[in-house]
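S.K.: Structure file upload-v3.cif, mmCIF, C-alpha atoms, is pasted below:
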data_start
loop_
_atom_site.label_atom_id
_atom_site.label_comp_id
_atom_site.auth_asym_id
_atom_site.auth_seq_id
_atom_site.Cartn_x
_atom_site.Cartn_y
_atom_site.Cartn_z
CA MET Z 1 15.79 -184.41 55.49
CA GLY Z 2 12.02 -183.99 55.72
CA THR Z 3 11.84 -181.90 52.55
CA GLY Z 4 14.02 -184.34 50.62
CA LEU Z 5 12.06 -187.39 51.70
CA ARG Z 6 8.76 -185.71 50.85
CA ALA Z 7 10.16 -185.00 47.37
CA GLY Z 8 10.98 -188.68 46.93
CA VAL Z 9 14.78 -188.49 47.31
CA ASP Z 10 16.42 -191.66 48.62
CA ILE Z 11 17.45 -191.42 52.28
CA LEU Z 12 20.98 -192.66 51.52
CA ARG Z 13 21.47 -189.81 49.03
CA LEU Z 14 20.25 -187.31 51.61
CA LEU Z 15 22.59 -188.66 54.29
CA ALA Z 16 25.49 -188.71 51.83
CA SER Z 17 24.83 -185.03 51.18
CA GLU Z 18 24.75 -184.31 54.93
CA THR Z 19 28.24 -185.82 55.32
CA GLN Z 20 29.57 -182.84 53.35
CA HIS Z 21 28.21 -180.14 55.67
CA GLY Z 22 28.71 -178.99 59.23
CA PRO Z 23 31.56 -179.40 61.72
CA PRO Z 24 33.77 -182.52 61.65
CA LYS Z 25 31.85 -184.26 64.46
CA GLN Z 26 28.55 -183.81 62.64
CA ARG Z 27 29.99 -185.07 59.35
CA ALA Z 28 31.42 -188.12 61.12
CA ALA Z 29 28.05 -188.86 62.77
CA MET Z 30 26.22 -188.58 59.45
CA ARG Z 31 28.76 -190.85 57.79
CA GLU Z 32 28.23 -193.51 60.46
CA ILE Z 33 24.44 -193.20 60.14
CA HIS Z 34 24.71 -193.52 56.37
CA ASP Z 35 26.81 -196.69 56.68
CA ALA Z 36 24.46 -198.16 59.33
CA ILE Z 37 21.36 -197.68 57.15
CA ARG Z 38 23.16 -199.13 54.15
CA ALA Z 39 23.94 -202.17 56.34
CA GLY Z 40 20.21 -202.61 57.07
CA ASP Z 41 19.56 -200.63 60.26
CA THR Z 42 16.63 -198.26 60.65
CA LEU Z 43 17.29 -194.55 61.07
CA THR Z 44 16.22 -194.79 64.72
CA GLU Z 45 18.78 -197.53 65.43
CA ALA Z 46 21.48 -195.55 63.62
CA LEU Z 47 20.70 -192.41 65.65
CA ARG Z 48 20.80 -194.31 68.94
CA ARG Z 49 24.29 -195.60 68.15
CA GLN Z 50 25.54 -192.00 68.27
CA GLY Z 51 25.10 -191.87 72.05
CA ASN Z 52 24.08 -188.46 73.34
CA TYR Z 53 24.90 -186.58 70.13
CA PHE Z 54 21.24 -186.33 69.07
CA PRO Z 55 18.43 -185.16 71.41
CA SER Z 56 16.31 -187.96 72.88
CA LEU Z 57 13.20 -186.22 71.52
CA LEU Z 58 14.55 -186.47 67.96
CA ILE Z 59 15.26 -190.19 68.35
CA THR Z 60 11.86 -190.94 69.88
CA MET Z 61 9.99 -188.92 67.27
CA THR Z 62 11.96 -190.58 64.47
CA ASN Z 63 11.00 -193.96 65.85
CA ALA Z 64 7.33 -192.93 66.04
CA GLY Z 65 7.42 -191.47 62.54
CA GLU Z 66 8.88 -194.66 61.07
CA ALA Z 67 6.33 -196.82 62.90
CA THR Z 68 3.25 -194.78 61.97
CA GLY Z 69 4.14 -193.84 58.38
CA LYS Z 70 4.35 -190.13 59.23
CA PHE Z 71 8.11 -189.93 58.89
CA GLU Z 72 8.39 -186.92 56.56
CA LYS Z 73 5.74 -184.93 58.43
CA THR Z 74 7.39 -185.74 61.75
CA LEU Z 75 10.79 -184.52 60.56
CA LEU Z 76 9.35 -181.30 59.14
CA THR Z 77 7.46 -180.59 62.36
CA LEU Z 78 10.59 -181.29 64.39
CA ALA Z 79 12.49 -178.87 62.15
CA ASP Z 80 9.98 -176.14 63.01
CA TYR Z 81 10.28 -177.00 66.71
CA PHE Z 82 14.09 -176.84 66.83
CA ASP Z 83 14.15 -173.76 64.60
CA LEU Z 84 11.86 -171.93 67.02
CA ARG Z 85 13.99 -172.92 70.03
CA LEU Z 86 17.08 -171.66 68.20
CA LYS Z 87 15.37 -168.40 67.21
CA ILE Z 88 14.32 -167.71 70.79
CA ARG Z 89 17.88 -168.34 72.02
CA ARG Z 90 19.42 -166.12 69.33
CA ASP Z 91 16.98 -163.30 70.05
CA PHE Z 92 17.90 -163.46 73.74
CA LEU Z 93 21.65 -163.35 73.03
CA ARG Z 94 21.18 -160.52 70.55
CA GLN Z 95 19.25 -158.40 73.06
CA ILE Z 96 21.82 -158.79 75.83
CA SER Z 97 24.91 -158.44 73.60
CA TRP Z 98 25.19 -154.64 73.98
CA PRO Z 99 24.98 -154.61 77.82
CA VAL Z 100 27.52 -157.45 77.93
CA LEU Z 101 29.88 -155.45 75.72
CA GLN Z 102 29.47 -152.48 78.08
CA LEU Z 103 30.36 -154.68 81.04
CA VAL Z 104 33.44 -156.05 79.26
CA ALA Z 105 34.48 -152.50 78.31
CA ALA Z 106 34.14 -151.37 81.93
CA ILE Z 107 36.35 -154.23 83.11
CA LEU Z 108 38.97 -153.50 80.44
CA ILE Z 109 39.00 -149.77 81.28
CA LEU Z 110 39.58 -150.57 84.95
CA ALA Z 111 42.33 -153.03 84.00
CA LEU Z 112 43.98 -150.33 81.85
CA LEU Z 113 43.89 -147.89 84.76
CA ILE Z 114 45.53 -150.47 87.02
CA TYR Z 115 48.25 -151.07 84.41
CA ILE Z 116 48.92 -147.34 83.96
CA LEU Z 117 49.31 -146.86 87.71
CA GLY Z 118 52.21 -149.33 87.61
CA VAL Z 119 53.88 -147.92 84.52
CA LEU Z 120 53.87 -144.18 85.27
CA THR Z 121 56.02 -142.67 87.99
CA PRO Z 122 55.68 -139.19 89.53
CA PRO Z 123 58.49 -136.61 88.99
CA THR Z 124 59.42 -136.86 92.66
CA GLY Z 125 59.90 -140.61 92.41
CA GLY Z 126 58.06 -143.44 94.14
CA GLU Z 127 54.71 -144.75 93.00
CA MET Z 128 51.77 -143.00 91.40
CA PHE Z 129 48.90 -142.09 93.70
CA ASP Z 130 46.34 -144.91 93.60
CA PRO Z 131 42.92 -143.23 93.32
CA THR Z 132 41.12 -146.61 93.29
CA GLY Z 133 42.42 -147.74 96.64
CA PHE Z 134 42.66 -151.32 95.40
CA GLY Z 135 46.42 -151.52 95.83
CA LEU Z 136 46.78 -153.09 92.37
CA ARG Z 137 49.43 -151.73 90.01
CA GLY Z 138 51.09 -152.71 86.75
CA PHE Z 139 50.92 -155.97 84.89
CA SER Z 140 50.87 -158.09 88.06
CA GLY Z 141 47.97 -156.02 89.36
CA VAL Z 142 46.08 -156.58 86.11
CA LEU Z 143 46.60 -160.33 86.45
CA LYS Z 144 45.28 -160.27 90.03
CA PHE Z 145 42.30 -158.18 88.92
CA PHE Z 146 41.45 -160.61 86.13
CA GLY Z 147 41.87 -163.43 88.64
CA TYR Z 148 39.22 -161.86 90.88
CA ILE Z 149 36.93 -161.40 87.87
CA GLY Z 150 37.53 -165.05 86.90
CA ILE Z 151 36.61 -166.25 90.40
CA LEU Z 152 33.41 -164.21 90.33
CA ALA Z 153 32.54 -165.56 86.87
CA ALA Z 154 33.28 -169.12 88.03
CA LEU Z 155 31.00 -168.70 91.04
CA THR Z 156 28.23 -167.34 88.82
CA GLY Z 157 28.67 -170.11 86.27
CA GLY Z 158 28.81 -172.73 89.02
CA THR Z 159 25.55 -171.45 90.46
CA VAL Z 160 23.85 -171.69 87.07
CA TRP Z 161 25.31 -175.17 86.48
CA ALA Z 162 24.13 -176.33 89.91
CA PHE Z 163 20.62 -175.13 89.19
CA LEU Z 164 20.47 -176.71 85.73
CA ASN Z 165 21.71 -180.03 87.12
CA ASN Z 166 19.44 -179.96 90.19
CA VAL Z 167 22.31 -180.08 92.69
CA ALA Z 168 20.97 -180.72 96.20
CA GLY Z 169 17.43 -180.83 94.81
CA VAL Z 170 17.40 -177.11 94.02
CA HIS Z 171 14.61 -177.66 91.46
CA ASN Z 172 12.22 -178.00 94.40
CA LEU Z 173 12.53 -174.23 94.71
CA ILE Z 174 11.04 -173.67 91.25
CA PRO Z 175 7.56 -172.81 92.63
CA LEU Z 176 9.20 -170.02 94.65
CA LEU Z 177 11.13 -168.89 91.57
CA TYR Z 178 7.86 -168.60 89.65
CA ARG Z 179 6.61 -166.14 92.26
CA LEU Z 180 9.28 -163.58 91.36
CA PRO Z 181 7.80 -160.48 89.68
CA VAL Z 182 8.15 -160.44 85.87
CA VAL Z 183 10.95 -163.02 85.75
CA GLY Z 184 8.96 -165.84 87.36
CA SER Z 185 6.05 -165.76 84.93
CA ALA Z 186 8.45 -165.49 81.96
CA LEU Z 187 10.41 -168.58 83.06
CA GLN Z 188 7.20 -170.54 83.60
CA THR Z 189 5.93 -169.56 80.15
CA LEU Z 190 9.12 -170.80 78.49
CA THR Z 191 8.85 -174.12 80.33
CA LEU Z 192 5.18 -174.57 79.42
CA SER Z 193 6.00 -173.75 75.80
CA ARG Z 194 8.55 -176.59 75.61
CA PHE Z 195 6.11 -178.94 77.33
CA THR Z 196 3.18 -178.06 75.05
CA TRP Z 197 5.19 -178.27 71.83
CA THR Z 198 6.64 -181.66 72.76
CA LEU Z 199 3.27 -183.04 73.79
CA ALA Z 200 1.68 -181.87 70.52
CA LEU Z 201 4.51 -183.41 68.48
CA THR Z 202 4.46 -186.76 70.23
CA LEU Z 203 0.70 -187.21 70.17
CA ASP Z 204 0.54 -186.19 66.52
CA ALA Z 205 3.22 -188.79 65.72
CA GLY Z 206 1.08 -191.54 67.22
CA ILE Z 207 2.94 -192.03 70.52
CA ASP Z 208 0.74 -193.30 73.36
CA PRO Z 209 -0.37 -190.61 75.86
CA ILE Z 210 1.67 -191.91 78.81
CA ARG Z 211 4.90 -192.03 76.82
CA ALA Z 212 4.06 -188.67 75.23
CA LEU Z 213 3.55 -187.03 78.62
CA HIS Z 214 6.77 -188.56 79.96
CA LEU Z 215 8.73 -187.14 77.03
CA SER Z 216 7.04 -183.77 77.45
CA LEU Z 217 7.87 -183.65 81.15
CA ASP Z 218 11.48 -184.52 80.28
CA ALA Z 219 11.50 -181.68 77.73
CA THR Z 220 11.01 -179.18 80.57
CA GLU Z 221 14.52 -180.15 81.78
CA SER Z 222 13.26 -179.84 85.33
CA GLU Z 223 13.08 -182.47 88.06
CA PHE Z 224 10.18 -180.53 89.51
CA TYR Z 225 8.05 -181.41 86.47
CA ARG Z 226 9.54 -184.89 86.02
CA SER Z 227 8.35 -185.75 89.53
CA ALA Z 228 4.78 -185.82 88.17
CA LYS Z 229 5.33 -188.91 85.98
CA GLU Z 230 3.69 -191.35 88.40
CA ASP Z 231 0.64 -189.09 88.79
CA VAL Z 232 0.37 -188.96 84.99
CA VAL Z 233 0.33 -192.75 84.69
CA THR Z 234 -2.33 -193.06 87.37
CA ALA Z 235 -4.57 -190.38 85.84
CA ILE Z 236 -4.33 -191.66 82.25
CA ARG Z 237 -5.04 -195.26 83.27
CA SER Z 238 -8.10 -194.12 85.23
CA GLY Z 239 -9.54 -192.63 82.02
CA LYS Z 240 -9.00 -188.93 82.65
CA THR Z 241 -8.69 -186.43 79.79
CA MET Z 242 -5.43 -184.62 79.11
CA SER Z 243 -6.50 -181.51 80.99
CA GLU Z 244 -7.75 -183.58 83.94
CA THR Z 245 -4.46 -185.49 83.96
CA LEU Z 246 -2.38 -182.33 84.12
CA SER Z 247 -4.66 -180.90 86.79
CA ALA Z 248 -4.15 -184.05 88.87
CA THR Z 249 -0.38 -183.46 88.95
CA HIS Z 250 -0.87 -180.17 90.85
CA ILE Z 251 2.18 -178.61 89.19
CA PHE Z 252 0.58 -176.85 86.21
CA PRO Z 253 -1.05 -173.42 86.66
CA ASP Z 254 -4.81 -173.25 86.53
CA ASP Z 255 -4.87 -170.92 83.51
CA PHE Z 256 -2.79 -173.42 81.50
CA VAL Z 257 -5.08 -176.33 82.41
CA THR Z 258 -8.14 -174.22 81.59
CA ALA Z 259 -6.68 -173.23 78.21
CA LEU Z 260 -6.02 -176.90 77.43
CA GLU Z 261 -9.51 -177.88 78.52
CA ILE Z 262 -11.04 -175.28 76.20
CA ALA Z 263 -8.76 -176.39 73.35
CA GLU Z 264 -9.82 -180.01 73.85
CA LEU Z 265 -13.41 -179.08 73.17
CA SER Z 266 -12.47 -177.99 69.65
CA GLY Z 267 -10.90 -181.24 68.43
CA THR Z 268 -8.58 -184.14 69.18
CA ASP Z 269 -5.80 -183.90 71.74
CA ALA Z 270 -3.12 -183.45 69.05
CA GLU Z 271 -5.06 -180.75 67.18
CA ALA Z 272 -5.93 -178.94 70.38
CA LEU Z 273 -2.34 -179.03 71.58
CA HIS Z 274 -1.00 -177.73 68.27
CA HIS Z 275 -3.24 -174.67 68.62
CA LEU Z 276 -2.18 -174.25 72.24
CA ALA Z 277 1.48 -174.75 71.32
CA ALA Z 278 1.24 -172.00 68.69
CA ASP Z 279 -0.22 -169.68 71.31
CA TYR Z 280 2.58 -170.52 73.76
CA ASP Z 281 5.15 -169.96 71.01
CA ASP Z 282 4.08 -166.33 70.88
CA ARG Z 283 4.08 -166.12 74.65
CA ALA Z 284 7.53 -167.75 74.83
CA GLN Z 285 9.01 -165.19 72.45
CA ARG Z 286 7.57 -162.36 74.51
CA ALA Z 287 8.78 -164.05 77.69
CA MET Z 288 12.32 -164.37 76.33
CA SER Z 289 12.22 -160.71 75.32
CA THR Z 290 11.18 -159.89 78.89
CA LEU Z 291 14.04 -161.95 80.34
CA ALA Z 292 16.50 -160.32 77.95
CA SER Z 293 15.25 -156.90 79.02
CA VAL Z 294 15.64 -157.79 82.70
CA ALA Z 295 19.11 -159.25 82.11
CA SER Z 296 20.14 -156.15 80.15
CA ARG Z 297 19.00 -153.89 82.96
CA VAL Z 298 20.80 -155.97 85.58
CA ILE Z 299 24.04 -155.82 83.58
CA TRP Z 300 23.60 -152.09 82.93
CA ILE Z 301 23.02 -151.46 86.64
CA ALA Z 302 26.13 -153.50 87.46
CA VAL Z 303 28.17 -151.36 85.05
CA MET Z 304 26.78 -148.13 86.50
CA MET Z 305 27.40 -149.30 90.07
CA LEU Z 306 30.97 -150.23 89.14
CA PHE Z 307 31.71 -146.83 87.64
CA VAL Z 308 29.77 -144.79 90.20
CA GLY Z 309 31.41 -146.70 93.04
CA LEU Z 310 34.84 -146.32 91.50
CA ILE Z 311 34.38 -142.60 90.82
CA GLY Z 312 33.06 -142.03 94.33
CA ARG Z 313 36.00 -143.91 95.84
CA MET Z 314 38.48 -141.97 93.73
CA ALA Z 315 36.85 -138.66 94.64
CA MET Z 316 36.99 -139.44 98.36
CA ARG Z 317 40.66 -140.44 98.20
CA ILE Z 318 41.58 -137.37 96.15
CA MET Z 319 39.68 -135.06 98.50
CA GLY Z 320 41.35 -136.77 101.45
CA GLY Z 321 44.76 -136.15 99.88
CA ILE Z 322 43.93 -132.48 99.27
CA GLN Z 323 42.77 -132.01 102.86
CA ASP Z 324 45.99 -133.60 104.15
CA ALA Z 325 48.00 -131.27 101.94
CA LEU Z 326 46.15 -128.22 103.31
CA GLU Z 327 46.80 -129.14 106.94
CA PRO Z 328 49.33 -126.81 108.61
CA ILE Z 329 52.79 -128.25 109.08
#
Mind turning this structure into structure tokens?
M.R.:
Amino acid sequence: MGTGLRAGVDILRLLASETQHGPPKQRAAMREIHDAIRAGDTLTEALRRQGNYFPSLLITMTNAGEATGKFEKTLLTLADYFDLRLKIRRDFLRQISWPVLQLVAAILILALLIYILGVLTPPTGGEMFDPTGFGLRGFSGVLKFFGYIGILAALTGGTVWAFLNNVAGVHNLIPLLYRLPVVGSALQTLTLSRFTWTLALTLDAGIDPIRALHLSLDATESEFYRSAKEDVVTAIRSGKTMSETLSATHIFPDDFVTALEIAELSGTDAEALHHLAADYDDRAQRAMSTLASVASRVIWIAVMMLFVGLIGRMAMRIMGGIQDALEPI
């Protein structure tokens, strides 16, 4: 959209083109936006009518771009922002894909063993010796095994969901989370990267500092950071600089505030933040690589523990059976 508008293409032609691409829901949204603009609405109004389909940052920045005459530049900058977020996410998934495949393979191998124990029968009749000691055999045993795996996955997913949605105010534990070795600093870097990028975008689009800071705090997706909104309003209205404002919230690390203060000396808030955002982009990519490495190792350790534990259990049961067989009658 930004490239087309900069080239002088009519917005209705661009939206008409967008109705031909993407999944059905996206095409339907673009069709409704196209019809709304043709009826006289602004792009911001048309985007808002789509509910939660578009990110709030996109809608706010579109509104600012239309109001300040920086529409094309705003869209192009937003494109870079969302492209970077997507690249970071894809790199993370790519780095953990192999350990995840190993974990899935381990689960399937164990399920196959359980199935075989129910299918095969010894020459003397009865059931095959169960070296795992789980008591699971055949197809029904495989179903129970997958049920246990499903429960464990549901508990893990529920824990992640509860954290992301701040259930029981769990975001208040974020300062403790940041103290974790390696992982804590990586998570904080990713959060500060989102905050810095959003703040640079909003200020550059002409949004007032209070609104820009509110949007940037929302971009962290953390109630811990959102709790600083009142402190931000008080600091800005008292005439403090951006670095002094963030320092007054007492939630940003000293090195981040110092970096912003140094950046402010080299130009306007927007220019300074763009330089700082670029620096945190690099840090964010390294941080995501660190998190992917940690996640890969955790999954790999889980696979090794599963196999080592299973082999050890099988060895003990087999040795126990041999010792029983060697006992005098």
S.K.: Considering only C-alpha atoms, return as a ChimeraX atom specification whatever protein or nucleic-acid residues lie within 12 Å of Thr44 of chain Z, sequence-local ones (same chain, fewer than 5 positions apart) excluded.
M.R.: /Z:33-34,36-37,49-51,54-67,71
S.K.: Run the PyMOL selection byres ((chain Z and resi 212) around 10) on the file and write out the hits as a PyMOL selection string.
M.R.: chain Z and resi 60-61+198-211+213-218
S.K.: For the PyMOL selection byres ((chain Z and resi 78) around 10), applied here, can you spell out every residue it catches as an mmCIF file with C-alpha atoms, in the coordinates of the input?
M.R.:
data_model
loop_
_atom_site.group_PDB
_atom_site.id
_atom_site.type_symbol
_atom_site.label_atom_id
_atom_site.label_comp_id
_atom_site.auth_asym_id
_atom_site.auth_seq_id
_atom_site.Cartn_x
_atom_site.Cartn_y
_atom_site.Cartn_z
ATOM 1 C CA GLY Z 2 12.020 -183.990 55.720
ATOM 2 C CA LEU Z 57 13.200 -186.220 71.520
ATOM 3 C CA LEU Z 58 14.550 -186.470 67.960
ATOM 4 C CA MET Z 61 9.990 -188.920 67.270
ATOM 5 C CA THR Z 62 11.960 -190.580 64.470
ATOM 6 C CA GLU Z 72 8.390 -186.920 56.560
ATOM 7 C CA LYS Z 73 5.740 -184.930 58.430
ATOM 8 C CA THR Z 74 7.390 -185.740 61.750
ATOM 9 C CA LEU Z 75 10.790 -184.520 60.560
ATOM 10 C CA LEU Z 76 9.350 -181.300 59.140
ATOM 11 C CA THR Z 77 7.460 -180.590 62.360
ATOM 12 C CA ALA Z 79 12.490 -178.870 62.150
ATOM 13 C CA ASP Z 80 9.980 -176.140 63.010
ATOM 14 C CA TYR Z 81 10.280 -177.000 66.710
ATOM 15 C CA PHE Z 82 14.090 -176.840 66.830
ATOM 16 C CA ASP Z 83 14.150 -173.760 64.600
ATOM 17 C CA LEU Z 84 11.860 -171.930 67.020
ATOM 18 C CA TRP Z 197 5.190 -178.270 71.830
ATOM 19 C CA THR Z 198 6.640 -181.660 72.760
ATOM 20 C CA LEU Z 201 4.510 -183.410 68.480
#
S.K.: When distances are computed from all atoms listed in the file, which of Z:Phe134, Z:Tyr280, Z:Gly157, Z:Leu143 shows the smallest separation from Met314 of chain Z?
M.R.: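 So, comparing all the options, the nearest one is Z:Phe134.
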S.K.: Exactly which residues make up the result of the PyMOL selection byres ((chain Z and resi 254-263) around 6) on this file, given as an NGL selection string?
M.R.: :Z and (243 or 253 or 264-266 or 272)
S.K.: From the set Z:Val9, Z:Ala292, Z:Leu120, Z:Ile311, which residue has the shortest atom-to-atom contact distance to Arg90 of chain Z, counting only C-alpha atoms?
M.R.: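 Using only C-alpha atoms, Arg90 of chain Z sits closest to Z:Ala292.
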